[in-house]
Every structure is written in C-alpha cells, then in structure tokens.
$ cat upload_10.txt   # compact mmCIF, C-alpha atoms
# COMPACT_ATOMS: atom_id res chain seq x y z
CA MET A 1 -17.02 -27.23 -30.87
CA THR A 2 -18.11 -24.17 -28.94
CA LEU A 3 -16.74 -20.72 -29.73
CA ARG A 4 -15.27 -20.50 -26.22
CA ARG A 5 -13.35 -23.73 -26.88
CA HIS A 6 -12.26 -22.38 -30.26
CA LEU A 7 -10.91 -19.21 -28.66
CA ALA A 8 -9.16 -21.23 -25.97
CA LEU A 9 -7.44 -23.31 -28.62
CA ALA A 10 -6.51 -20.17 -30.54
CA VAL A 11 -4.96 -18.63 -27.44
CA ALA A 12 -3.06 -21.84 -26.71
CA ALA A 13 -1.75 -21.88 -30.27
CA LEU A 14 -0.51 -18.31 -29.98
CA ALA A 15 1.32 -19.21 -26.81
CA VAL A 16 3.13 -22.29 -28.20
CA PRO A 17 6.63 -20.73 -28.29
CA VAL A 18 6.25 -19.52 -24.73
CA LEU A 19 4.90 -22.83 -23.49
CA LEU A 20 7.73 -24.72 -25.16
CA ALA A 21 10.17 -22.47 -23.35
CA ALA A 22 8.27 -23.03 -20.14
CA CYS A 23 8.50 -26.80 -20.56
CA SER A 24 12.26 -26.61 -20.89
CA ALA A 25 12.41 -24.55 -17.71
CA GLY A 26 10.16 -26.92 -15.75
CA ALA A 27 7.25 -24.45 -15.63
CA ALA A 28 4.82 -26.22 -17.93
CA THR A 29 1.92 -25.74 -15.53
CA LEU A 30 1.73 -22.01 -16.20
CA PRO A 31 -1.41 -21.06 -18.15
CA PRO A 32 -1.06 -19.45 -21.58
CA ILE A 33 0.25 -15.91 -21.78
CA PRO A 34 -2.58 -13.33 -21.74
CA SER A 35 -4.07 -12.80 -25.16
CA GLU A 36 -7.15 -10.94 -26.25
CA GLY A 37 -8.05 -13.01 -29.28
CA PRO A 38 -8.90 -11.55 -32.72
CA ALA A 39 -8.97 -7.78 -32.79
CA THR A 40 -12.11 -7.76 -34.95
CA PRO A 41 -14.16 -10.82 -33.93
CA THR A 42 -17.54 -11.70 -35.38
CA ARG A 43 -20.39 -10.41 -33.26
CA ALA A 44 -22.90 -12.84 -31.79
CA PRO A 45 -25.68 -13.04 -34.41
CA THR A 46 -28.48 -12.77 -31.84
CA HIS A 47 -26.95 -10.01 -29.75
CA PRO A 48 -26.10 -6.52 -31.07
CA GLY A 49 -23.60 -5.85 -28.30
CA PRO A 50 -23.37 -2.67 -26.26
CA THR A 51 -23.14 0.76 -27.81
CA TYR A 52 -19.60 2.12 -28.10
CA PRO A 53 -19.32 4.86 -25.46
CA PRO A 54 -19.65 8.29 -27.08
CA GLY A 55 -16.47 10.32 -27.15
CA CYS A 56 -14.17 7.29 -27.00
CA PRO A 57 -11.35 7.07 -29.56
CA THR A 58 -11.88 5.28 -32.87
CA SER A 59 -8.19 5.20 -33.79
CA GLN A 60 -4.93 5.09 -31.85
CA PRO A 61 -4.98 8.00 -29.36
CA ALA A 62 -2.09 10.37 -28.82
CA ALA A 63 0.82 9.03 -26.79
CA LEU A 64 1.07 10.13 -23.17
CA PRO A 65 3.70 12.92 -23.07
CA ALA A 66 7.17 11.96 -21.89
CA GLY A 67 7.72 12.20 -18.15
CA GLU A 68 4.01 12.32 -17.29
CA THR A 69 2.17 9.93 -15.00
CA ARG A 70 -1.46 9.27 -14.21
CA THR A 71 -3.23 7.66 -11.30
CA VAL A 72 -5.91 5.25 -12.49
CA THR A 73 -8.35 3.88 -9.94
CA ILE A 74 -10.63 0.92 -10.60
CA THR A 75 -13.63 0.70 -8.27
CA THR A 76 -15.12 -2.78 -7.79
CA ASP A 77 -17.43 -4.46 -5.32
CA LYS A 78 -14.30 -6.06 -3.83
CA GLY A 79 -12.65 -2.67 -3.24
CA ASP A 80 -10.46 -0.23 -5.17
CA ILE A 81 -7.34 -0.90 -7.21
CA THR A 82 -5.04 2.11 -7.66
CA MET A 83 -2.39 2.10 -10.36
CA LYS A 84 0.46 4.41 -11.29
CA ILE A 85 0.63 4.69 -15.08
CA GLU A 86 3.95 6.01 -16.46
CA ALA A 87 4.33 7.44 -19.95
CA ASP A 88 8.03 6.63 -20.12
CA LEU A 89 7.32 2.89 -19.87
CA SER A 90 5.11 2.74 -22.99
CA PRO A 91 3.96 6.13 -24.35
CA ILE A 92 1.51 4.68 -26.89
CA ALA A 93 -0.01 2.05 -24.59
CA THR A 94 -0.37 4.45 -21.67
CA GLY A 95 -1.90 7.15 -23.87
CA ASN A 96 -4.41 4.62 -25.14
CA PHE A 97 -5.23 3.23 -21.69
CA VAL A 98 -5.72 6.68 -20.18
CA ALA A 99 -7.86 7.87 -23.11
CA LEU A 100 -10.15 4.84 -22.81
CA ALA A 101 -10.42 5.25 -19.03
CA GLU A 102 -11.20 8.97 -19.32
CA CYS A 103 -14.00 8.44 -21.85
CA GLY A 104 -15.69 5.82 -19.67
CA TYR A 105 -14.89 2.84 -21.87
CA TYR A 106 -13.95 0.62 -18.94
CA ASP A 107 -16.94 1.51 -16.75
CA GLY A 108 -19.04 -1.63 -16.29
CA VAL A 109 -16.53 -3.92 -17.99
CA VAL A 110 -15.60 -7.19 -16.25
CA PHE A 111 -12.40 -8.99 -15.36
CA HIS A 112 -13.28 -11.88 -17.65
CA ARG A 113 -10.16 -13.99 -17.13
CA VAL A 114 -8.64 -15.02 -13.80
CA ALA A 115 -5.60 -17.29 -14.01
CA PRO A 116 -4.53 -18.18 -10.43
CA GLY A 117 -0.86 -17.57 -9.79
CA PHE A 118 -0.62 -15.64 -13.03
CA VAL A 119 -2.89 -12.70 -13.94
CA ILE A 120 -6.33 -11.18 -13.86
CA GLN A 121 -7.40 -9.78 -17.23
CA GLY A 122 -10.20 -7.45 -18.32
CA GLY A 123 -11.09 -4.58 -20.61
CA ASP A 124 -13.22 -6.16 -23.33
CA GLY A 125 -15.84 -3.43 -23.65
CA GLN A 126 -17.36 -5.05 -26.73
CA PHE A 127 -18.41 -8.40 -25.27
CA GLY A 128 -17.61 -7.97 -21.57
CA ARG A 129 -19.76 -5.05 -20.49
CA SER A 130 -22.10 -5.86 -17.60
CA PRO A 131 -24.96 -6.73 -17.64
CA ASP A 132 -24.63 -7.68 -21.32
CA VAL A 133 -21.60 -9.96 -21.05
CA ILE A 134 -21.54 -12.49 -23.89
CA PRO A 135 -19.86 -15.55 -22.32
CA ASP A 136 -18.83 -17.23 -25.57
CA LEU A 137 -17.22 -14.08 -26.95
CA VAL A 138 -15.89 -12.16 -23.95
CA GLY A 139 -12.15 -11.82 -24.21
CA SER A 140 -12.16 -11.55 -28.00
CA GLY A 141 -13.36 -7.96 -28.42
CA GLY A 142 -12.32 -4.37 -28.01
CA PRO A 143 -12.55 -0.93 -29.64
CA PRO A 144 -12.50 -0.53 -33.43
CA TYR A 145 -8.72 -0.09 -33.68
CA THR A 146 -5.43 -1.49 -32.45
CA ILE A 147 -2.22 0.22 -31.30
CA LYS A 148 1.41 -0.06 -32.32
CA ASP A 149 3.76 -2.29 -30.37
CA GLU A 150 6.49 -0.81 -28.18
CA PRO A 151 9.59 -2.38 -26.64
CA VAL A 152 9.36 -3.61 -23.07
CA THR A 153 12.09 -1.79 -21.16
CA THR A 154 11.46 -2.94 -17.59
CA THR A 155 10.70 -6.21 -15.84
CA TYR A 156 7.36 -7.82 -15.02
CA LYS A 157 6.55 -8.47 -11.36
CA ARG A 158 3.59 -8.94 -9.06
CA GLY A 159 1.45 -5.83 -9.49
CA THR A 160 2.63 -5.02 -13.02
CA VAL A 161 -0.08 -3.58 -15.29
CA ALA A 162 0.38 -4.41 -18.97
CA MET A 163 -1.53 -4.60 -22.25
CA ALA A 164 -2.84 -7.91 -23.56
CA ARG A 165 -2.41 -8.74 -27.23
CA THR A 166 -2.63 -11.59 -29.72
CA GLY A 167 0.36 -13.22 -31.38
CA ASP A 168 0.03 -10.77 -34.26
CA PRO A 169 2.09 -7.57 -34.39
CA ASN A 170 0.36 -4.36 -33.31
CA SER A 171 -2.73 -6.18 -32.02
CA ALA A 172 -3.27 -4.64 -28.55
CA ASN A 173 -6.32 -2.43 -28.07
CA SER A 174 -8.22 -2.20 -24.77
CA GLN A 175 -7.59 -5.39 -22.81
CA PHE A 176 -5.04 -5.32 -20.02
CA PHE A 177 -3.85 -7.57 -17.22
CA ILE A 178 -2.42 -7.31 -13.71
CA VAL A 179 0.28 -9.81 -12.70
CA THR A 180 -0.76 -11.57 -9.49
CA ASP A 181 2.32 -13.66 -8.71
CA ASP A 182 6.06 -13.39 -9.26
CA ALA A 183 5.89 -17.01 -10.46
CA ALA A 184 4.45 -15.63 -13.70
CA VAL A 185 7.52 -13.51 -14.40
CA PRO A 186 9.70 -16.09 -16.22
CA ALA A 187 7.03 -16.87 -18.82
CA LEU A 188 6.10 -13.22 -19.31
CA SER A 189 9.75 -12.25 -19.61
CA ARG A 190 10.40 -14.89 -22.26
CA ALA A 191 7.58 -13.49 -24.37
CA ASN A 192 8.50 -9.89 -23.49
CA THR A 193 5.90 -8.45 -25.86
CA TYR A 194 3.23 -7.17 -23.47
CA GLN A 195 3.61 -3.40 -23.15
CA ILE A 196 4.11 -2.51 -19.48
CA MET A 197 2.18 0.60 -18.45
CA GLY A 198 2.77 0.79 -14.70
CA GLU A 199 2.01 -0.96 -11.46
CA VAL A 200 -0.58 -1.31 -8.73
CA THR A 201 0.26 1.05 -5.85
CA ALA A 202 -2.69 0.13 -3.62
CA GLY A 203 -5.27 -2.63 -3.73
CA MET A 204 -3.31 -5.80 -4.45
CA ASP A 205 -5.48 -7.33 -1.73
CA VAL A 206 -8.43 -6.50 -3.98
CA VAL A 207 -6.68 -8.16 -6.94
CA ASP A 208 -6.18 -11.23 -4.75
CA ALA A 209 -9.85 -11.12 -3.71
CA ILE A 210 -10.88 -11.10 -7.39
CA THR A 211 -8.70 -14.17 -7.92
CA THR A 212 -10.23 -15.92 -4.92
CA ALA A 213 -13.78 -15.05 -6.00
CA ALA A 214 -13.24 -16.91 -9.29
CA GLY A 215 -12.89 -20.15 -7.34
CA GLY A 216 -10.05 -21.47 -9.47
CA VAL A 217 -12.05 -21.11 -12.69
CA GLU A 218 -10.12 -19.21 -15.35
CA ILE A 219 -13.28 -17.88 -17.01
CA PRO A 220 -15.52 -17.07 -14.01
CA GLU A 221 -19.27 -17.44 -14.37
CA THR A 222 -19.82 -14.32 -12.26
CA PRO A 223 -16.90 -12.04 -13.14
CA VAL A 224 -16.05 -9.01 -11.02
CA VAL A 225 -17.12 -5.73 -12.64
CA MET A 226 -15.09 -2.54 -12.92
CA ASN A 227 -17.90 -0.31 -11.67
CA LYS A 228 -15.98 2.90 -12.35
CA VAL A 229 -12.49 3.68 -13.68
CA THR A 230 -11.16 7.18 -13.00
CA VAL A 231 -8.00 9.05 -14.00
CA SER A 232 -6.22 11.80 -12.11
CA LYS A 233 -2.88 13.59 -12.26
CA PRO A 234 -0.64 13.12 -9.22
$ encode --input "upload_10.txt" --output "structure tokens"
Amino acid sequence: MTLRRHLALAVAALAVPVLLAACSAGAATLPPIPSEGPATPTRAPTHPGPTYPPGCPTSQPAALPAGETRTVTITTDKGDITMKIEADLSPIATGNFVALAECGYYDGVVFHRVAPGFVIQGGDGQFGRSPDVIPDLVGSGGPPYTIKDEPVTTTYKRGTVAMARTGDPNSANSQFFIVTDDAAVPALSRANTYQIMGEVTAGMDVVDAITTAAGGVEIPETPVVMNKVTVSKP
C-alpha cells in the first residue's frame, strides 16, 4: 500500500463522523473534510526536505491583537487571491497565519489538494515546497509546532479561509483551505472545528481557475504554486 493511499485512508477515517452525518442528510458525495494528516510525519528517507525558512516561528506565535485585520495576498500564475484576515474570528489562528506569511513560509508552497465543489487546500511547507514537492508526503507536513484550537463563531461560505487540522485536538499548524462552493457548508458546519480566519475579498475567479486546472483530480500532478504571499495592514 502506498503512503499516499495510507494518508487518504487516514483522512477518511478522521472524517467518519462527518461523513455519517452527510449520509443522513443525503450529501454522501462530499469529499472528506480538509485534514492535514499527522503533525509530525516521517520524512522521506531519500529526500531531506527543504530548509525551514529562517526567522519563521518554531512555536505558536502571538495571537493577532483584538480588532486588528490584515490583508494577505497570494500571487500565483493564475492570478492573485486577496484575503481579509480578522483577529476577532480566531486570534490564535490568524496570528499564526500572518506570522508564517510574513516570514516567507508560504512562498513557493503549492495548493496540493483540490476538491471540486468543496475546497482548495495548501500550506504544507515541509513536503509541498516547489520544486521539491514530495508527492507521497505532501499534505502531511508543516512547521515544527501546532496551535491551540479556538471556537468557530461564524459560518462557513464560499470564499471562507480556514485552518486545516487532523481529528486530534490542537493539531492545526500551517495548512489552510479556501471554500469554493456553498454546497460544502453543511458538512463543514457539522464538523465546526476548522478555525475561520477570514474570507477572500478578490480573486475567487483565481480560486476557481486553480480548481479547473486540477482537472477533477483531488491531488493534482502539477499543483498551482503560491509564488509569493504578502501581508499588509489595511
């Protein structure tokens, strides 16, 4: 059994409660809820992996101060995605996301998972950094720490930006997803454990283009790269 298949089965297992709920609601065709796999996976034995960007956090960064917002822009070959990140939605998650973006952690990292009608997911800087993407491990890595969970206090919708996590408590680190379709909302809402950080304010056409470029394959062979991720204050 390949490692990719193993991870896929692990993700499916983590999503069992959600999928059971989806079956009862007639939405069994939804793919599993976004999950980033083990927080500390085993590295590929023949590949050392990329160097952790200097200056990036090695433990949970400070929370984003109450009331503050940031504009995060992801530049890709398909165009730019601009997001409004709001501290009051998830102070810990937003502080972590902004800190990683500011230190360059996301630069060169791919959107490794594209689930049509659901989400696009990226942020694995350990195994998903172009040109050294490790196909059998991408989606299972991240920085050398995780962050604390926070309650979800608003609703998911198309354009929502949220943290990915495993089924374990306090397991989110760097991976995040963007909701691509309102059809995903019932399943996400039933889980209600993915810390919402903000929403896309411009570039949903780019998100859709990334989905189209995957050709219906959830793990694209040629994933779209986040060439540059920048942070600014409104």
$ residues_near_point --input "upload_10.txt" --point "(-6.8, 9.0, -19.5)" --cutoff "9 Å" --atoms "only C-alpha atoms" --output "ChimeraX atom specification"
/A:64,70,72,94-103,230-232
$ write_last_selection --input "upload_10.txt" --atoms "C-alpha atoms" --output "PDB file, keeping the file's coordinate frame"
ATOM      1  CA  LEU A  64       1.070  10.130 -23.170  1.00  0.00           C
ATOM      2  CA  ARG A  70      -1.460   9.270 -14.210  1.00  0.00           C
ATOM      3  CA  VAL A  72      -5.910   5.250 -12.490  1.00  0.00           C
ATOM      4  CA  THR A  94      -0.370   4.450 -21.670  1.00  0.00           C
ATOM      5  CA  GLY A  95      -1.900   7.150 -23.870  1.00  0.00           C
ATOM      6  CA  ASN A  96      -4.410   4.620 -25.140  1.00  0.00           C
ATOM      7  CA  PHE A  97      -5.230   3.230 -21.690  1.00  0.00           C
ATOM      8  CA  VAL A  98      -5.720   6.680 -20.180  1.00  0.00           C
ATOM      9  CA  ALA A  99      -7.860   7.870 -23.110  1.00  0.00           C
ATOM     10  CA  LEU A 100     -10.150   4.840 -22.810  1.00  0.00           C
ATOM     11  CA  ALA A 101     -10.420   5.250 -19.030  1.00  0.00           C
ATOM     12  CA  GLU A 102     -11.200   8.970 -19.320  1.00  0.00           C
ATOM     13  CA  CYS A 103     -14.000   8.440 -21.850  1.00  0.00           C
ATOM     14  CA  THR A 230     -11.160   7.180 -13.000  1.00  0.00           C
ATOM     15  CA  VAL A 231      -8.000   9.050 -14.000  1.00  0.00           C
ATOM     16  CA  SER A 232      -6.220  11.800 -12.110  1.00  0.00           C
TER      17      SER A 232
END
$ axis_aligned_box --input "upload_10.txt" --around "region 73-88 of chain A" --padding-each-side "8 Å" --output "JSON"
{"center_x": -4.7, "center_y": 0.7, "center_z": -11.7, "size_x": 41.5, "size_y": 29.5, "size_z": 32.9}
$ closest_residue --input "upload_10.txt" --among "A:Val225, A:Ile147, A:Ile134, A:Val200" --to "Val161 (chain A)" --atoms "all atoms listed in the file"
A:Val200
$ residues_around --input "upload_10.txt" --residues "Gly117 (chain A)" --least-positions-apart "3" --cutoff "8 Å" --atoms "only C-alpha atoms" --output "PyMOL selection string"
chain A and resi 180-181+183-184
$ atom_distance --input "upload_10.txt" --atom1 "CA of Tyr105 (chain A)" --atom2 "CA of Thr211 (chain A)"
22.9 Å
$ residues_around --input "upload_10.txt" --residues "Val114 (chain A)" --least-positions-apart "4" --cutoff "8 Å" --atoms "all atoms listed in the file" --output "VMD selection string"
chain A and resid 119 to 121 210 to 211 214 216 to 220
$ atom_distance --input "upload_10.txt" --atom1 "CA of Asn173 (chain A)" --atom2 "CA of Thr160 (chain A)"
17.7 Å
$ atom_distance --input "upload_10.txt" --atom1 "CA of Gly203 (chain A)" --atom2 "CA of Thr82 (chain A)"
6.2 Å
$ closest_residue --input "upload_10.txt" --among "A:Thr71, A:Ala63, A:Ser140, A:Gln126" --to "Met83 (chain A)" --atoms "all atoms listed in the file"
A:Thr71
$ closest_residue --input "upload_10.txt" --among "A:Ser130, A:Thr153, A:Gln60, A:Gln175" --to "Ser189 (chain A)" --atoms "all atoms listed in the file"
A:Thr153
$ residues_around --input "upload_10.txt" --residues "Ala162 (chain A)" --least-positions-apart "5" --cutoff "10 Å" --atoms "all atoms listed in the file" --output "PDB file with C-alpha atoms, in the frame of the given file"
ATOM      1  CA  PRO A  34      -2.580 -13.330 -21.740  1.00  0.00           C
ATOM      2  CA  ILE A  85       0.630   4.690 -15.080  1.00  0.00           C
ATOM      3  CA  SER A  90       5.110   2.740 -22.990  1.00  0.00           C
ATOM      4  CA  ALA A  93      -0.010   2.050 -24.590  1.00  0.00           C
ATOM      5  CA  THR A  94      -0.370   4.450 -21.670  1.00  0.00           C
ATOM      6  CA  PHE A  97      -5.230   3.230 -21.690  1.00  0.00           C
ATOM      7  CA  GLN A 121      -7.400  -9.780 -17.230  1.00  0.00           C
ATOM      8  CA  VAL A 152       9.360  -3.610 -23.070  1.00  0.00           C
ATOM      9  CA  TYR A 156       7.360  -7.820 -15.020  1.00  0.00           C
ATOM     10  CA  GLN A 175      -7.590  -5.390 -22.810  1.00  0.00           C
ATOM     11  CA  PHE A 176      -5.040  -5.320 -20.020  1.00  0.00           C
ATOM     12  CA  PHE A 177      -3.850  -7.570 -17.220  1.00  0.00           C
ATOM     13  CA  ILE A 178      -2.420  -7.310 -13.710  1.00  0.00           C
ATOM     14  CA  VAL A 179       0.280  -9.810 -12.700  1.00  0.00           C
ATOM     15  CA  THR A 193       5.900  -8.450 -25.860  1.00  0.00           C
ATOM     16  CA  TYR A 194       3.230  -7.170 -23.470  1.00  0.00           C
ATOM     17  CA  GLN A 195       3.610  -3.400 -23.150  1.00  0.00           C
ATOM     18  CA  ILE A 196       4.110  -2.510 -19.480  1.00  0.00           C
ATOM     19  CA  MET A 197       2.180   0.600 -18.450  1.00  0.00           C
ATOM     20  CA  GLY A 198       2.770   0.790 -14.700  1.00  0.00           C
ATOM     21  CA  GLU A 199       2.010  -0.960 -11.460  1.00  0.00           C
TER      22      GLU A 199
END
$ decode --input "upload_10.txt" --residues "region 143-177 of chain A" --atoms "N, CA and C atoms" --output "PDB file, in the first residue's frame"
ATOM      1  N   PRO A 143       5.112  23.153   9.928  1.00  0.00           N
ATOM      2  CA  PRO A 143       6.179  23.629  10.803  1.00  0.00           C
ATOM      3  C   PRO A 143       6.312  22.739  12.040  1.00  0.00           C
ATOM      4  N   PRO A 144       7.352  22.956  12.841  1.00  0.00           N
ATOM      5  CA  PRO A 144       7.609  22.062  13.980  1.00  0.00           C
ATOM      6  C   PRO A 144       6.789  22.387  15.229  1.00  0.00           C
ATOM      7  N   TYR A 145       5.541  22.730  15.060  1.00  0.00           N
ATOM      8  CA  TYR A 145       4.658  23.011  16.194  1.00  0.00           C
ATOM      9  C   TYR A 145       3.213  22.960  15.716  1.00  0.00           C
ATOM     10  N   THR A 146       2.295  22.940  16.639  1.00  0.00           N
ATOM     11  CA  THR A 146       0.876  23.069  16.326  1.00  0.00           C
ATOM     12  C   THR A 146       0.303  24.202  17.175  1.00  0.00           C
ATOM     13  N   ILE A 147      -0.943  24.590  16.879  1.00  0.00           N
ATOM     14  CA  ILE A 147      -1.570  25.687  17.624  1.00  0.00           C
ATOM     15  C   ILE A 147      -2.822  25.194  18.350  1.00  0.00           C
ATOM     16  N   LYS A 148      -3.234  25.965  19.327  1.00  0.00           N
ATOM     17  CA  LYS A 148      -4.417  25.609  20.111  1.00  0.00           C
ATOM     18  C   LYS A 148      -5.697  25.850  19.309  1.00  0.00           C
ATOM     19  N   ASP A 149      -6.673  24.990  19.544  1.00  0.00           N
ATOM     20  CA  ASP A 149      -7.979  25.153  18.912  1.00  0.00           C
ATOM     21  C   ASP A 149      -8.699  26.377  19.464  1.00  0.00           C
ATOM     22  N   GLU A 150      -9.612  26.903  18.653  1.00  0.00           N
ATOM     23  CA  GLU A 150     -10.475  28.017  19.068  1.00  0.00           C
ATOM     24  C   GLU A 150     -11.888  27.733  18.579  1.00  0.00           C
ATOM     25  N   PRO A 151     -12.890  28.268  19.263  1.00  0.00           N
ATOM     26  CA  PRO A 151     -14.266  28.045  18.807  1.00  0.00           C
ATOM     27  C   PRO A 151     -14.535  28.759  17.488  1.00  0.00           C
ATOM     28  N   VAL A 152     -15.366  28.143  16.666  1.00  0.00           N
ATOM     29  CA  VAL A 152     -15.795  28.767  15.412  1.00  0.00           C
ATOM     30  C   VAL A 152     -17.047  29.575  15.715  1.00  0.00           C
ATOM     31  N   THR A 153     -16.982  30.880  15.498  1.00  0.00           N
ATOM     32  CA  THR A 153     -18.062  31.770  15.914  1.00  0.00           C
ATOM     33  C   THR A 153     -18.828  32.384  14.752  1.00  0.00           C
ATOM     34  N   THR A 154     -18.492  32.001  13.531  1.00  0.00           N
ATOM     35  CA  THR A 154     -19.219  32.494  12.362  1.00  0.00           C
ATOM     36  C   THR A 154     -19.445  31.326  11.422  1.00  0.00           C
ATOM     37  N   THR A 155     -20.104  31.570  10.293  1.00  0.00           N
ATOM     38  CA  THR A 155     -20.470  30.471   9.405  1.00  0.00           C
ATOM     39  C   THR A 155     -19.525  30.366   8.206  1.00  0.00           C
ATOM     40  N   TYR A 156     -19.327  29.148   7.745  1.00  0.00           N
ATOM     41  CA  TYR A 156     -18.554  28.905   6.531  1.00  0.00           C
ATOM     42  C   TYR A 156     -19.394  29.311   5.319  1.00  0.00           C
ATOM     43  N   LYS A 157     -18.720  29.711   4.253  1.00  0.00           N
ATOM     44  CA  LYS A 157     -19.392  30.054   3.000  1.00  0.00           C
ATOM     45  C   LYS A 157     -18.344  30.048   1.892  1.00  0.00           C
ATOM     46  N   ARG A 158     -18.794  30.162   0.662  1.00  0.00           N
ATOM     47  CA  ARG A 158     -17.850  30.263  -0.442  1.00  0.00           C
ATOM     48  C   ARG A 158     -16.927  31.453  -0.185  1.00  0.00           C
ATOM     49  N   GLY A 159     -15.637  31.221  -0.274  1.00  0.00           N
ATOM     50  CA  GLY A 159     -14.659  32.273  -0.023  1.00  0.00           C
ATOM     51  C   GLY A 159     -14.092  32.280   1.379  1.00  0.00           C
ATOM     52  N   THR A 160     -14.649  31.468   2.282  1.00  0.00           N
ATOM     53  CA  THR A 160     -14.116  31.391   3.648  1.00  0.00           C
ATOM     54  C   THR A 160     -12.693  30.837   3.636  1.00  0.00           C
ATOM     55  N   VAL A 161     -11.826  31.439   4.452  1.00  0.00           N
ATOM     56  CA  VAL A 161     -10.453  30.964   4.630  1.00  0.00           C
ATOM     57  C   VAL A 161     -10.351  30.391   6.047  1.00  0.00           C
ATOM     58  N   ALA A 162      -9.944  29.138   6.155  1.00  0.00           N
ATOM     59  CA  ALA A 162      -9.900  28.485   7.465  1.00  0.00           C
ATOM     60  C   ALA A 162      -8.685  27.570   7.564  1.00  0.00           C
ATOM     61  N   MET A 163      -8.331  27.221   8.802  1.00  0.00           N
ATOM     62  CA  MET A 163      -7.207  26.320   9.048  1.00  0.00           C
ATOM     63  C   MET A 163      -7.632  24.867   8.866  1.00  0.00           C
ATOM     64  N   ALA A 164      -6.749  24.064   8.276  1.00  0.00           N
ATOM     65  CA  ALA A 164      -6.952  22.621   8.230  1.00  0.00           C
ATOM     66  C   ALA A 164      -6.370  22.005   9.502  1.00  0.00           C
ATOM     67  N   ARG A 165      -6.859  20.844   9.853  1.00  0.00           N
ATOM     68  CA  ARG A 165      -6.373  20.152  11.045  1.00  0.00           C
ATOM     69  C   ARG A 165      -6.685  18.673  10.932  1.00  0.00           C
ATOM     70  N   THR A 166      -6.105  17.867  11.805  1.00  0.00           N
ATOM     71  CA  THR A 166      -6.446  16.453  11.873  1.00  0.00           C
ATOM     72  C   THR A 166      -7.635  16.291  12.820  1.00  0.00           C
ATOM     73  N   GLY A 167      -7.985  15.045  13.104  1.00  0.00           N
ATOM     74  CA  GLY A 167      -9.054  14.800  14.055  1.00  0.00           C
ATOM     75  C   GLY A 167      -8.617  14.960  15.492  1.00  0.00           C
ATOM     76  N   ASP A 168      -7.323  15.180  15.706  1.00  0.00           N
ATOM     77  CA  ASP A 168      -6.810  15.349  17.063  1.00  0.00           C
ATOM     78  C   ASP A 168      -6.979  16.788  17.538  1.00  0.00           C
ATOM     79  N   PRO A 169      -7.175  16.999  18.827  1.00  0.00           N
ATOM     80  CA  PRO A 169      -7.254  18.362  19.346  1.00  0.00           C
ATOM     81  C   PRO A 169      -5.944  19.109  19.113  1.00  0.00           C
ATOM     82  N   ASN A 170      -6.059  20.409  18.907  1.00  0.00           N
ATOM     83  CA  ASN A 170      -4.888  21.295  18.812  1.00  0.00           C
ATOM     84  C   ASN A 170      -3.858  20.796  17.787  1.00  0.00           C
ATOM     85  N   SER A 171      -4.319  20.433  16.598  1.00  0.00           N
ATOM     86  CA  SER A 171      -3.428  19.836  15.606  1.00  0.00           C
ATOM     87  C   SER A 171      -3.187  20.714  14.384  1.00  0.00           C
ATOM     88  N   ALA A 172      -3.796  21.901  14.307  1.00  0.00           N
ATOM     89  CA  ALA A 172      -3.563  22.780  13.163  1.00  0.00           C
ATOM     90  C   ALA A 172      -2.160  23.368  13.244  1.00  0.00           C
ATOM     91  N   ASN A 173      -1.532  23.595  12.075  1.00  0.00           N
ATOM     92  CA  ASN A 173      -0.262  24.321  12.088  1.00  0.00           C
ATOM     93  C   ASN A 173      -0.181  25.306  10.922  1.00  0.00           C
ATOM     94  N   SER A 174       0.138  24.867   9.716  1.00  0.00           N
ATOM     95  CA  SER A 174       0.305  25.823   8.621  1.00  0.00           C
ATOM     96  C   SER A 174      -0.705  25.660   7.496  1.00  0.00           C
ATOM     97  N   GLN A 175      -1.310  24.485   7.374  1.00  0.00           N
ATOM     98  CA  GLN A 175      -2.175  24.240   6.228  1.00  0.00           C
ATOM     99  C   GLN A 175      -3.527  24.933   6.398  1.00  0.00           C
ATOM    100  N   PHE A 176      -4.018  25.449   5.285  1.00  0.00           N
ATOM    101  CA  PHE A 176      -5.285  26.181   5.293  1.00  0.00           C
ATOM    102  C   PHE A 176      -6.065  25.831   4.042  1.00  0.00           C
ATOM    103  N   PHE A 177      -7.348  26.170   4.036  1.00  0.00           N
ATOM    104  CA  PHE A 177      -8.155  25.922   2.854  1.00  0.00           C
ATOM    105  C   PHE A 177      -9.074  27.101   2.577  1.00  0.00           C
TER     106      PHE A 177
END
